[in-house]
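As structure tokens, the structure follows; a few thoughts come after it.
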Number of protein chains: 8
Amino acid sequence: MTSDTEDTAPHLRFDWDRRARTAVAEAVYCEGKTHAHLLTVLSQAKARAESLFLTRLARDQFEAITAHHDLDYCELSRTAIFGSPQRNAPAPAEVALVCAGTSDMRVLKEAQRTLEFNGLSTKVYADVGVAGLWRLLSVAEELSRFRVIIAVAGMEGALFSVLAGLVPGLVIAVPASIGYGTSANGSAALTSALSSCAPGVVVVNIDNGFGAAAAAIKLLHADNAQTRA
Amino acid sequence: MTSDTEDTAPHLRFDWDRRARTAVAEAVYCEGKTHAHLLTVLSQAKARAESLFLTRLARDQFEAITAHHDLDYCELSRTAIFGSPQRNAPAPAEVALVCAGTSDMRVLKEAQRTLEFNGLSTKVYADVGVAGLWRLLSVAEELSRFRVIIAVAGMEGALFSVLAGLVPGLVIAVPASIGYGTSANGSAALTSALSSCAPGVVVVNIDNGFGAAAAAIKLLHADNAQTRA
Amino acid sequence: MTSDTEDTAPHLRFDWDRRARTAVAEAVYCEGKTHAHLLTVLSQAKARAESLFLTRLARDQFEAITAHHDLDYCELSRTAIFGSPQRNAPAPAEVALVCAGTSDMRVLKEAQRTLEFNGLSTKVYADVGVAGLWRLLSVAEELSRFRVIIAVAGMEGALFSVLAGLVPGLVIAVPASIGYGTSANGSAALTSALSSCAPGVVVVNIDNGFGAAAAAIKLLHADNAQTRA
Amino acid sequence: MTSDTEDTAPHLRFDWDRRARTAVAEAVYCEGKTHAHLLTVLSQAKARAESLFLTRLARDQFEAITAHHDLDYCELSRTAIFGSPQRNAPAPAEVALVCAGTSDMRVLKEAQRTLEFNGLSTKVYADVGVAGLWRLLSVAEELSRFRVIIAVAGMEGALFSVLAGLVPGLVIAVPASIGYGTSANGSAALTSALSSCAPGVVVVNIDNGFGAAAAAIKLLHADNAQTRA
Amino acid sequence: MTSDTEDTAPHLRFDWDRRARTAVAEAVYCEGKTHAHLLTVLSQAKARAESLFLTRLARDQFEAITAHHDLDYCELSRTAIFGSPQRNAPAPAEVALVCAGTSDMRVLKEAQRTLEFNGLSTKVYADVGVAGLWRLLSVAEELSRFRVIIAVAGMEGALFSVLAGLVPGLVIAVPASIGYGTSANGSAALTSALSSCAPGVVVVNIDNGFGAAAAAIKLLHADNAQTRA
Amino acid sequence: MTSDTEDTAPHLRFDWDRRARTAVAEAVYCEGKTHAHLLTVLSQAKARAESLFLTRLARDQFEAITAHHDLDYCELSRTAIFGSPQRNAPAPAEVALVCAGTSDMRVLKEAQRTLEFNGLSTKVYADVGVAGLWRLLSVAEELSRFRVIIAVAGMEGALFSVLAGLVPGLVIAVPASIGYGTSANGSAALTSALSSCAPGVVVVNIDNGFGAAAAAIKLLHADNAQTRA
Amino acid sequence: MTSDTEDTAPHLRFDWDRRARTAVAEAVYCEGKTHAHLLTVLSQAKARAESLFLTRLARDQFEAITAHHDLDYCELSRTAIFGSPQRNAPAPAEVALVCAGTSDMRVLKEAQRTLEFNGLSTKVYADVGVAGLWRLLSVAEELSRFRVIIAVAGMEGALFSVLAGLVPGLVIAVPASIGYGTSANGSAALTSALSSCAPGVVVVNIDNGFGAAAAAIKLLHADNAQTRA
Amino acid sequence: MTSDTEDTAPHLRFDWDRRARTAVAEAVYCEGKTHAHLLTVLSQAKARAESLFLTRLARDQFEAITAHHDLDYCELSRTAIFGSPQRNAPAPAEVALVCAGTSDMRVLKEAQRTLEFNGLSTKVYADVGVAGLWRLLSVAEELSRFRVIIAVAGMEGALFSVLAGLVPGLVIAVPASIGYGTSANGSAALTSALSSCAPGVVVVNIDNGFGAAAAAIKLLHADNAQTRA
């Protein structure tokens, strides 16, 4: 005999007003959630005609819910969009997304999709790791025009310090869990970002592309609010 | 016989143009520097008629150099200002400074003096730790008006998440080395800040009030530049 | 040739008198136990007409023994009950069970089933994480009526401090292994709980819903004993 | 020139109502506080005719403020009482205080004075470490009569598990920073307490005698409230 | 095209004289070894008519080599014996093997088979964890007759200290990787063993039943040598 | 609906001139790269008629690309060579490769193939761990003739210190992730190498056979350049 | 007003029968004990005409008690003997004491004095670190005659493995807190000892010369008992 | 009564032949050594007419021995030279010494004096941290001419990767214990160096300027030997 373990869905208290209060709409962090939880959330969103952003959605979770709800799923970043984005992203790009190597793209992509769901436009500068410094220097001037730069790097994370020493915009560092031995799980990149000798680097959790994007949204939301006022 | 160990001063390569390039003027991190180093830097600044900001200046270092150069020294934050600040700080306050307990004031003060040296005005909200939630709630509305909030907390650092869930501005979390046992050296507050369940918290190194201020300067510098343009 | 590795069952020394001595009946921690061990324990229980509580029972272990013994299995919490609970749980609820997010339900459920097996009644307050503080505040008054509150949270575990600052009852914090990077494996929530700025939070091991429930049983057992006396 | 660094006292937001709300009066954690902060708090207490409990008060801090305010100071536990305790402690003792070795007495004493300041009576069972098991066994029956036992141990902290396996009362484990090498700073005792094989051990931070006492107060406060009702 | 990666076997330099030099015959640690390596070692042993002891032999490794060589395999301890043991184990038992719970049996078994392969006799005392102290006390007198006791425990490892405080023989502590959260991977038991308040506990690596047995062999080999002389 | 997640390949900025600048040709670190990334890199190499070295290439990655490009793959070391090596490796051997046990061969092999791809000749001395010191001593004189020795060891990594105390050449230590408990993941060998009491040991990351080889190439490249000049 | 904090001495429960029970007399670990505690213990010993061994006795503690009691104090090892040793140490030496460098002598000395207080004779082999292997090899044959060897080493602790590979006696490894960076506090030597590739190394806590000696006493006590019987 | 604790000097086994065997003369690591030890070593050196290099010599140690022996002491690097260097250092410089900030000079100086004592000439490039990249780029061409570059950096250690990506010579990374929070004690710089994305960086222990120099000596000794041959 097996108890019904799926009676937890009624306990959901979704924070539909978060966007009004904090500038960033609540997103659904899917790790550890049962299929029943996810289906309940999506049904509530549909009933309220809200669009929704899902992070850390594993392929098997996606497959379990895609039969009932239509989702725009990106496997590389494990994100999904239900409904339509918040507004049309304007040109020119508002946030620069920089990464050290192509292995960092899955994290960068999580940030990019979060930003675009929230109506911000982006431009990607990939594979500009410092072991070949000419790659970063060749885009330094272009990067200097951005107010906010989200930088993703694993290994030793030297990119964060070098970049912040070159540009006036805020650098939001996202350590990536790329590497092995002393850099396994992104810990070396994390301590590197926090210990940066270049002033003005701020940091989010390892692989937290969503969090970096949320910070950028908080900043640029205020600007847009100001501009519209 | 003792070798002359002070022949290192000629090696200095001060980055006088950093402010133009990165929005934040280079500051002198004084920990581990000999008195000779510090005197050389100050003499160079005097010769170029530059003002200068010094961090982590221990009392004995201050005393060794104050005979030769006039400094505005704050012992609580171990910062000193040589010369005059960059511009007059405007009203109303541009950056909110929040701390959980009065023991965090030394870190908050480092941020405050960095901001004011760079011409930004501040307002302090102290002793609003979450163990007595009414303290934070009583200033929440006021805090909602700021684009950037620097929050300082030690112990378990719960302030960061609660604050970020209440306001639309960017929360820059500064873990403070307040506590003992599992929170000794600020490590618990640091992991708390990085692991925050509230999206949009960004983090700097433990006790790094200067770094948090530098990030705020990078952000608001762009605004001011835009405004002037 | 393979040796018989299952000759270990005779070594079992089950502590059938633990409940009389320590208020909490011994439970079987199933991780790392062979199917033969588990079958031996259950046979002994059946022979003595004892009911039994099993924790960390993986699905494949459950399946291996369910052919021989009838169990009430809950897959979410990986617990099973053999035989019947200790006494009928009275109304009103004696212990409040609080969790930050729905991903914490598997740990909360382990606590709940432990309590109910030992004859204590519970009430669940789920999804009251501090990123949306209104959710917790809306139930704060109700929570103030409980002598013991078991709180489950992963990520940065800010819930523990905020809750303990709001209510007079004892808060037993159960860090949950929810999160990634710096909060992977529940370590951030654990240090948060131990470092809490709110006095009177006590802590058990990560994911140890059973241990939290055992502590509550020890407390309320004494009360009931007193009441009956 | 030195700035006035003592302008932080006005920022104090003391939580005078905490006792009504959470059963434990706010205490002043003195580490990292300036003399000016401490004097301000004491003056406010005097003005409101409140008594006050101070923890982690270093001898030099005590000496700086004792000239202005009369304090009952205990150097071993670094605690001080300003004014008079909350109520007369009744007999018989309500909380048992157990420690493994005499080096743990400074932590035990912090718990004892916290309890007594809050009107609870205590009994001490010292030097009952498990290396000489007869010492603990000789008091086991006596300890079985207590609803709450605060146990302090450093080194490997084996006391916690053995004690919890012997008595029905709740064991609040306080790891002590006694030891060297792998047990330096109390980390071995902490992980031991959290990993205890005996169900129903709850844990507070290393050396946190105050926190253990606060938990006991929360529990027994409810009892007393119930009794009085 | 795939290179021949199995050209490494010729590099083997097996230490056939180790037993004469250090009292313990070299055993083959199989983790990370390719099937080709293992087959080469066994062929060399067969050619020299040596018997051999293999540790950490995974089931798939066993299956790959059992077609070519006859082995006595124990899956619980992942050990195998090739050929016959060193001498007949005498009665009475020379080494006591103690473990806290039945989950520790796989480690205890590795020690037992190592001892028996080297001609030492053993007696097992299982499931005597300290949470039910009567279990250990009931065999304490019997254990006092052994010169060497190998004790295996996971979780918080309190068994080591309690045991060493009760008996005059040497206690060799083997921390076991049983547990979760703070005791995951045996780290809590390891620090507990090293930090023991009971003098005379010596420690080997986590799960290293083989190493504990090797130490016992070194000790008792000398005795036997002495006795025979 | 699933987004096209493979649009990242255009972002590649391959550093084809690295060899001219730093003496070591850029290699492709394949962990975390999608099949599309790998195919793009190989196509670019083919178009430029460049040969290429790939590290950490998992078998499934190899299989996905081997249909399109011809590779010399070594499964033990997870390396692949595309095209032909840089020059013919001369005799006698220029670099000695030493390892403690046969389990270390996969790391040694990564170093060996990197060296040979870059035109350096090698000689392997395997299975010379210090537990049987005669094995190392028997080759010590031969090893003394090498300018550079790459040594691979897991467990406690004692080989590094013993070797460096015996020979005049530079010892490049590569800790290997061989072991369990305290040596799991190679951390014990790493700290051992860094803490060596024998002066002149230099260290690379755990399992980084490629990095050790790259260092040797940097050194011997200069020699060869000098010789040719 | 300062409370009398020295009322803790009455709590002492000294384990005078430990030697009969566990072969090793209880010693007084002095770290963290107040002068009053120490004086009470010594007075009790004097009253019972017991001799006593004190460890970790700081110079200021020694000076505070030497006025009242006559002690044989060794500053290097911070040990003191009160009264006379247990029996005359016989020749030839029963335990070999080996250390890697002269900085390890303070730990070796703690072991030596513990052994001699308990009536065992010793011989010291100092400064035989493996960086100059000839030093250890020159005494290897002599060391092969000992049943028990206590080895002390800091830094990377390679001595333990090399020694255990050379001799048949039991090697008790004592990691010493010698070194800096990755070997600071003896952690590298500790993990090295536990991860040793040479079977039969057993380990005690960092700097725990006393514990190593206690283990040797337990072993040789049994022998002597046997011999006498 | 105090025992003579200084009887340890006779135990010294100085490795006077190390230079012939390993290319680097043995140096005296002074941390933890008593004054008596140091005086004995110096007397032995004087008697053999050997010059000697001392590292980690604290000022109080220097003062205790300078009365008896003439030393060239450098307080910044805590090194001393007894007698005269090995040979005259030739021009041009053979080793480049690079450091990120002036706080790193104490470590760089230890390397420099070790090299010069062993007859190698050096050139210093100080204060070239990557936060102001122009500083490093302005000397990159000059650095490209060196076969060996010793680089010292604290904080996040980004210098190592950037430098190794620019020059063909071997980069020996020396993490410096500069920084606070996550970079305290040099741990961030260490993991950064080991995790470097630029191939060919080799690493020594934190603050180990001596070890980096020893590695350079091993390399260039071979060259010089070759050149002379």
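Here, A, B, ... name the chains of the structure tokens in the order displayed, residue numbers run from 1 inside each chain, and ligands are numbered from 1 in the same displayed order.
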
Practice item. Determine which residues of chain E sit within 7 Å of chain C, taking into account only C-alpha atoms, and present them as JSON, numbers by chain. Key: {"E": [71, 72, 73, 74, 75, 76, 102, 103, 126, 127, 132, 181, 182]}

Using all heavy atoms, can you export the residues from the last selection as an mmCIF file, in the first residue's frame?
data_model
loop_
_atom_site.group_PDB
_atom_site.id
_atom_site.type_symbol
_atom_site.label_atom_id
_atom_site.label_comp_id
_atom_site.auth_asym_id
_atom_site.auth_seq_id
_atom_site.Cartn_x
_atom_site.Cartn_y
_atom_site.Cartn_z
ATOM 1 N N LEU E 71 37.863 -17.059 -8.012
ATOM 2 C CA LEU E 71 37.976 -16.134 -6.873
ATOM 3 C C LEU E 71 36.887 -16.411 -5.843
ATOM 4 O O LEU E 71 35.758 -16.751 -6.199
ATOM 5 C CB LEU E 71 37.796 -14.691 -7.355
ATOM 6 C CG LEU E 71 38.868 -14.095 -8.266
ATOM 7 C CD1 LEU E 71 38.393 -12.742 -8.777
ATOM 8 C CD2 LEU E 71 40.167 -13.929 -7.483
ATOM 9 N N ASP E 72 37.217 -16.213 -4.558
ATOM 10 C CA ASP E 72 36.204 -16.211 -3.490
ATOM 11 C C ASP E 72 35.779 -14.764 -3.286
ATOM 12 O O ASP E 72 36.503 -13.984 -2.663
ATOM 13 C CB ASP E 72 36.832 -16.819 -2.225
ATOM 14 C CG ASP E 72 36.004 -16.539 -0.971
ATOM 15 O OD1 ASP E 72 34.828 -16.130 -1.093
ATOM 16 O OD2 ASP E 72 36.551 -16.716 0.130
ATOM 17 N N TYR E 73 34.624 -14.402 -3.838
ATOM 18 C CA TYR E 73 34.198 -13.002 -3.845
ATOM 19 C C TYR E 73 33.123 -12.740 -2.798
ATOM 20 O O TYR E 73 32.177 -13.521 -2.670
ATOM 21 C CB TYR E 73 33.661 -12.642 -5.231
ATOM 22 C CG TYR E 73 33.262 -11.200 -5.406
ATOM 23 C CD1 TYR E 73 34.191 -10.175 -5.206
ATOM 24 C CD2 TYR E 73 31.971 -10.843 -5.773
ATOM 25 C CE1 TYR E 73 33.838 -8.846 -5.378
ATOM 26 C CE2 TYR E 73 31.605 -9.514 -5.949
ATOM 27 C CZ TYR E 73 32.541 -8.514 -5.749
ATOM 28 O OH TYR E 73 32.191 -7.198 -5.915
ATOM 29 N N CYS E 74 33.237 -11.626 -2.070
ATOM 30 C CA CYS E 74 32.215 -11.200 -1.097
ATOM 31 C C CYS E 74 31.688 -9.855 -1.560
ATOM 32 O O CYS E 74 32.416 -8.853 -1.503
ATOM 33 C CB CYS E 74 32.845 -11.089 0.295
ATOM 34 S SG CYS E 74 31.824 -10.165 1.465
ATOM 35 N N GLU E 75 30.447 -9.827 -2.016
ATOM 36 C CA GLU E 75 29.941 -8.592 -2.610
ATOM 37 C C GLU E 75 29.747 -7.496 -1.565
ATOM 38 O O GLU E 75 29.969 -6.319 -1.842
ATOM 39 C CB GLU E 75 28.619 -8.861 -3.330
ATOM 40 C CG GLU E 75 28.129 -7.615 -4.059
ATOM 41 C CD GLU E 75 27.121 -7.941 -5.146
ATOM 42 O OE1 GLU E 75 26.563 -9.051 -5.131
ATOM 43 O OE2 GLU E 75 26.894 -7.078 -6.003
ATOM 44 N N LEU E 76 29.313 -7.877 -0.365
ATOM 45 C CA LEU E 76 29.062 -6.865 0.663
ATOM 46 C C LEU E 76 30.322 -6.031 0.912
ATOM 47 O O LEU E 76 30.276 -4.804 0.967
ATOM 48 C CB LEU E 76 28.609 -7.542 1.967
ATOM 49 C CG LEU E 76 28.158 -6.612 3.090
ATOM 50 C CD1 LEU E 76 26.932 -5.810 2.698
ATOM 51 C CD2 LEU E 76 27.867 -7.402 4.361
ATOM 52 N N THR E 102 23.983 -2.144 11.758
ATOM 53 C CA THR E 102 24.143 -3.154 10.712
ATOM 54 C C THR E 102 24.567 -2.552 9.375
ATOM 55 O O THR E 102 25.131 -3.241 8.541
ATOM 56 C CB THR E 102 22.835 -3.947 10.523
ATOM 57 O OG1 THR E 102 21.760 -3.013 10.424
ATOM 58 C CG2 THR E 102 22.602 -4.872 11.692
ATOM 59 N N SER E 103 24.333 -1.246 9.183
ATOM 60 C CA SER E 103 24.790 -0.619 7.942
ATOM 61 C C SER E 103 26.309 -0.568 7.857
ATOM 62 O O SER E 103 26.874 -0.344 6.786
ATOM 63 C CB SER E 103 24.225 0.805 7.835
ATOM 64 O OG SER E 103 22.831 0.804 7.865
ATOM 65 N N ALA E 126 28.216 -6.963 16.677
ATOM 66 C CA ALA E 126 27.557 -5.993 15.808
ATOM 67 C C ALA E 126 26.409 -5.273 16.515
ATOM 68 O O ALA E 126 25.904 -5.731 17.538
ATOM 69 C CB ALA E 126 27.035 -6.688 14.561
ATOM 70 N N ASP E 127 26.046 -4.111 15.948
ATOM 71 C CA ASP E 127 24.843 -3.392 16.361
ATOM 72 C C ASP E 127 24.907 -2.966 17.829
ATOM 73 O O ASP E 127 23.925 -3.100 18.571
ATOM 74 C CB ASP E 127 23.615 -4.284 16.120
ATOM 75 C CG ASP E 127 22.384 -3.452 15.749
ATOM 76 O OD1 ASP E 127 22.513 -2.223 15.582
ATOM 77 O OD2 ASP E 127 21.304 -4.026 15.631
ATOM 78 N N GLY E 132 21.668 3.043 22.384
ATOM 79 C CA GLY E 132 21.126 2.068 23.348
ATOM 80 C C GLY E 132 22.312 1.470 24.084
ATOM 81 O O GLY E 132 22.802 0.406 23.710
ATOM 82 N N GLY E 181 23.732 14.663 5.363
ATOM 83 C CA GLY E 181 23.965 16.010 5.872
ATOM 84 C C GLY E 181 25.360 16.096 6.464
ATOM 85 O O GLY E 181 26.333 15.760 5.806
ATOM 86 N N THR E 182 25.478 16.508 7.712
ATOM 87 C CA THR E 182 26.797 16.729 8.307
ATOM 88 C C THR E 182 27.599 15.454 8.502
ATOM 89 O O THR E 182 28.792 15.530 8.763
ATOM 90 C CB THR E 182 26.669 17.428 9.666
ATOM 91 O OG1 THR E 182 25.743 16.688 10.458
ATOM 92 C CG2 THR E 182 26.198 18.848 9.517
#

Exercise for review: Might you pull out every residue within 10 Å of stretch 52-57 of chain E, with only C-alpha atoms counted and same-chain residues fewer than 3 positions away left off, and present them as a PyMOL selection string?
Suggested key: chain E and resi 25-33+38+41-42+45-46+49+60-63+71-75+77-86+110+113-114+117-118+209-210

Point to revise | Who sits within 8 Å of H:Gly101, only C-alpha atoms, same chain under 3 positions skipped, as an MDAnalysis selection string | key: chainID H and resid 104:105 126:129 153

Would you save the residues of that selection, restricted to N, CA and C atoms, as an mmCIF file, in the first residue's frame?
data_model
loop_
_atom_site.group_PDB
_atom_site.id
_atom_site.type_symbol
_atom_site.label_atom_id
_atom_site.label_comp_id
_atom_site.auth_asym_id
_atom_site.auth_seq_id
_atom_site.Cartn_x
_atom_site.Cartn_y
_atom_site.Cartn_z
ATOM 1 N N ASP H 104 52.503 42.451 -2.213
ATOM 2 C CA ASP H 104 53.073 41.139 -2.514
ATOM 3 C C ASP H 104 54.594 41.129 -2.441
ATOM 4 N N MET H 105 55.207 42.295 -2.216
ATOM 5 C CA MET H 105 56.665 42.419 -2.295
ATOM 6 C C MET H 105 57.402 41.505 -1.302
ATOM 7 N N ALA H 126 56.996 45.095 -10.681
ATOM 8 C CA ALA H 126 56.039 45.141 -9.589
ATOM 9 C C ALA H 126 54.779 45.914 -9.971
ATOM 10 N N ASP H 127 53.699 45.650 -9.208
ATOM 11 C CA ASP H 127 52.486 46.453 -9.301
ATOM 12 C C ASP H 127 51.860 46.400 -10.696
ATOM 13 N N VAL H 128 51.779 45.204 -11.268
ATOM 14 C CA VAL H 128 51.193 45.070 -12.603
ATOM 15 C C VAL H 128 49.890 44.265 -12.567
ATOM 16 N N GLY H 129 49.081 44.467 -11.517
ATOM 17 C CA GLY H 129 47.808 43.761 -11.352
ATOM 18 C C GLY H 129 46.860 44.021 -12.512
ATOM 19 N N ALA H 153 50.807 36.848 -6.622
ATOM 20 C CA ALA H 153 49.552 37.607 -6.552
ATOM 21 C C ALA H 153 48.665 37.065 -5.454
#

Revision key, fill the gap. In Å and to one decimal, atom CA of C:Ile65 is distant from atom CA of C:Glu50 by 17.1 Å

Point to revise | Near-B:Val95 list (12 Å; only C-alpha atoms; drop same-chain fewer than 4 positions) as an MDAnalysis selection string | key: chainID B and resid 89:91 108 111:116 119:125 142:151 169:172 212:217 219:220

Practice item. Enumerate the residues of stretch 20-193 of chain G with a DSSP assignment of alpha helix (DSSP H), computed from the backbone, and present them as a count of residues only. Key: 63

Point to revise | Those of stretch 161-210 of chain A in DSSP strand (DSSP E), formatted as a ChimeraX atom specification | key: /A:170-175,201-203

Go ahead and save the residues from that selection, with N, CA and C atoms, as a CSV table (one decimal), in the first residue's frame.
chain,number,residue,atom,x,y,z
A,170,LEU,N,28.4,48.3,-14.7
A,170,LEU,CA,28.5,47.3,-13.6
A,170,LEU,C,28.7,45.9,-14.1
A,171,VAL,N,29.6,45.2,-13.5
A,171,VAL,CA,29.8,43.8,-14.0
A,171,VAL,C,29.1,42.9,-12.9
A,172,ILE,N,28.1,42.1,-13.4
A,172,ILE,CA,27.5,41.1,-12.5
A,172,ILE,C,28.1,39.8,-12.9
A,173,ALA,N,28.9,39.2,-11.9
A,173,ALA,CA,29.7,38.0,-12.2
A,173,ALA,C,28.8,36.8,-11.9
A,174,VAL,N,28.8,35.8,-12.8
A,174,VAL,CA,28.1,34.5,-12.6
A,174,VAL,C,29.1,33.4,-12.7
A,175,PRO,N,29.6,32.9,-11.6
A,175,PRO,CA,30.5,31.8,-11.6
A,175,PRO,C,29.8,30.6,-12.2
A,201,VAL,N,32.8,44.8,-8.9
A,201,VAL,CA,32.2,43.5,-9.4
A,201,VAL,C,31.2,43.1,-8.3
A,202,VAL,N,30.0,42.7,-8.7
A,202,VAL,CA,29.1,42.1,-7.8
A,202,VAL,C,28.8,40.7,-8.3
A,203,VAL,N,28.4,39.8,-7.4
A,203,VAL,CA,28.4,38.4,-7.6
A,203,VAL,C,27.0,37.8,-7.3
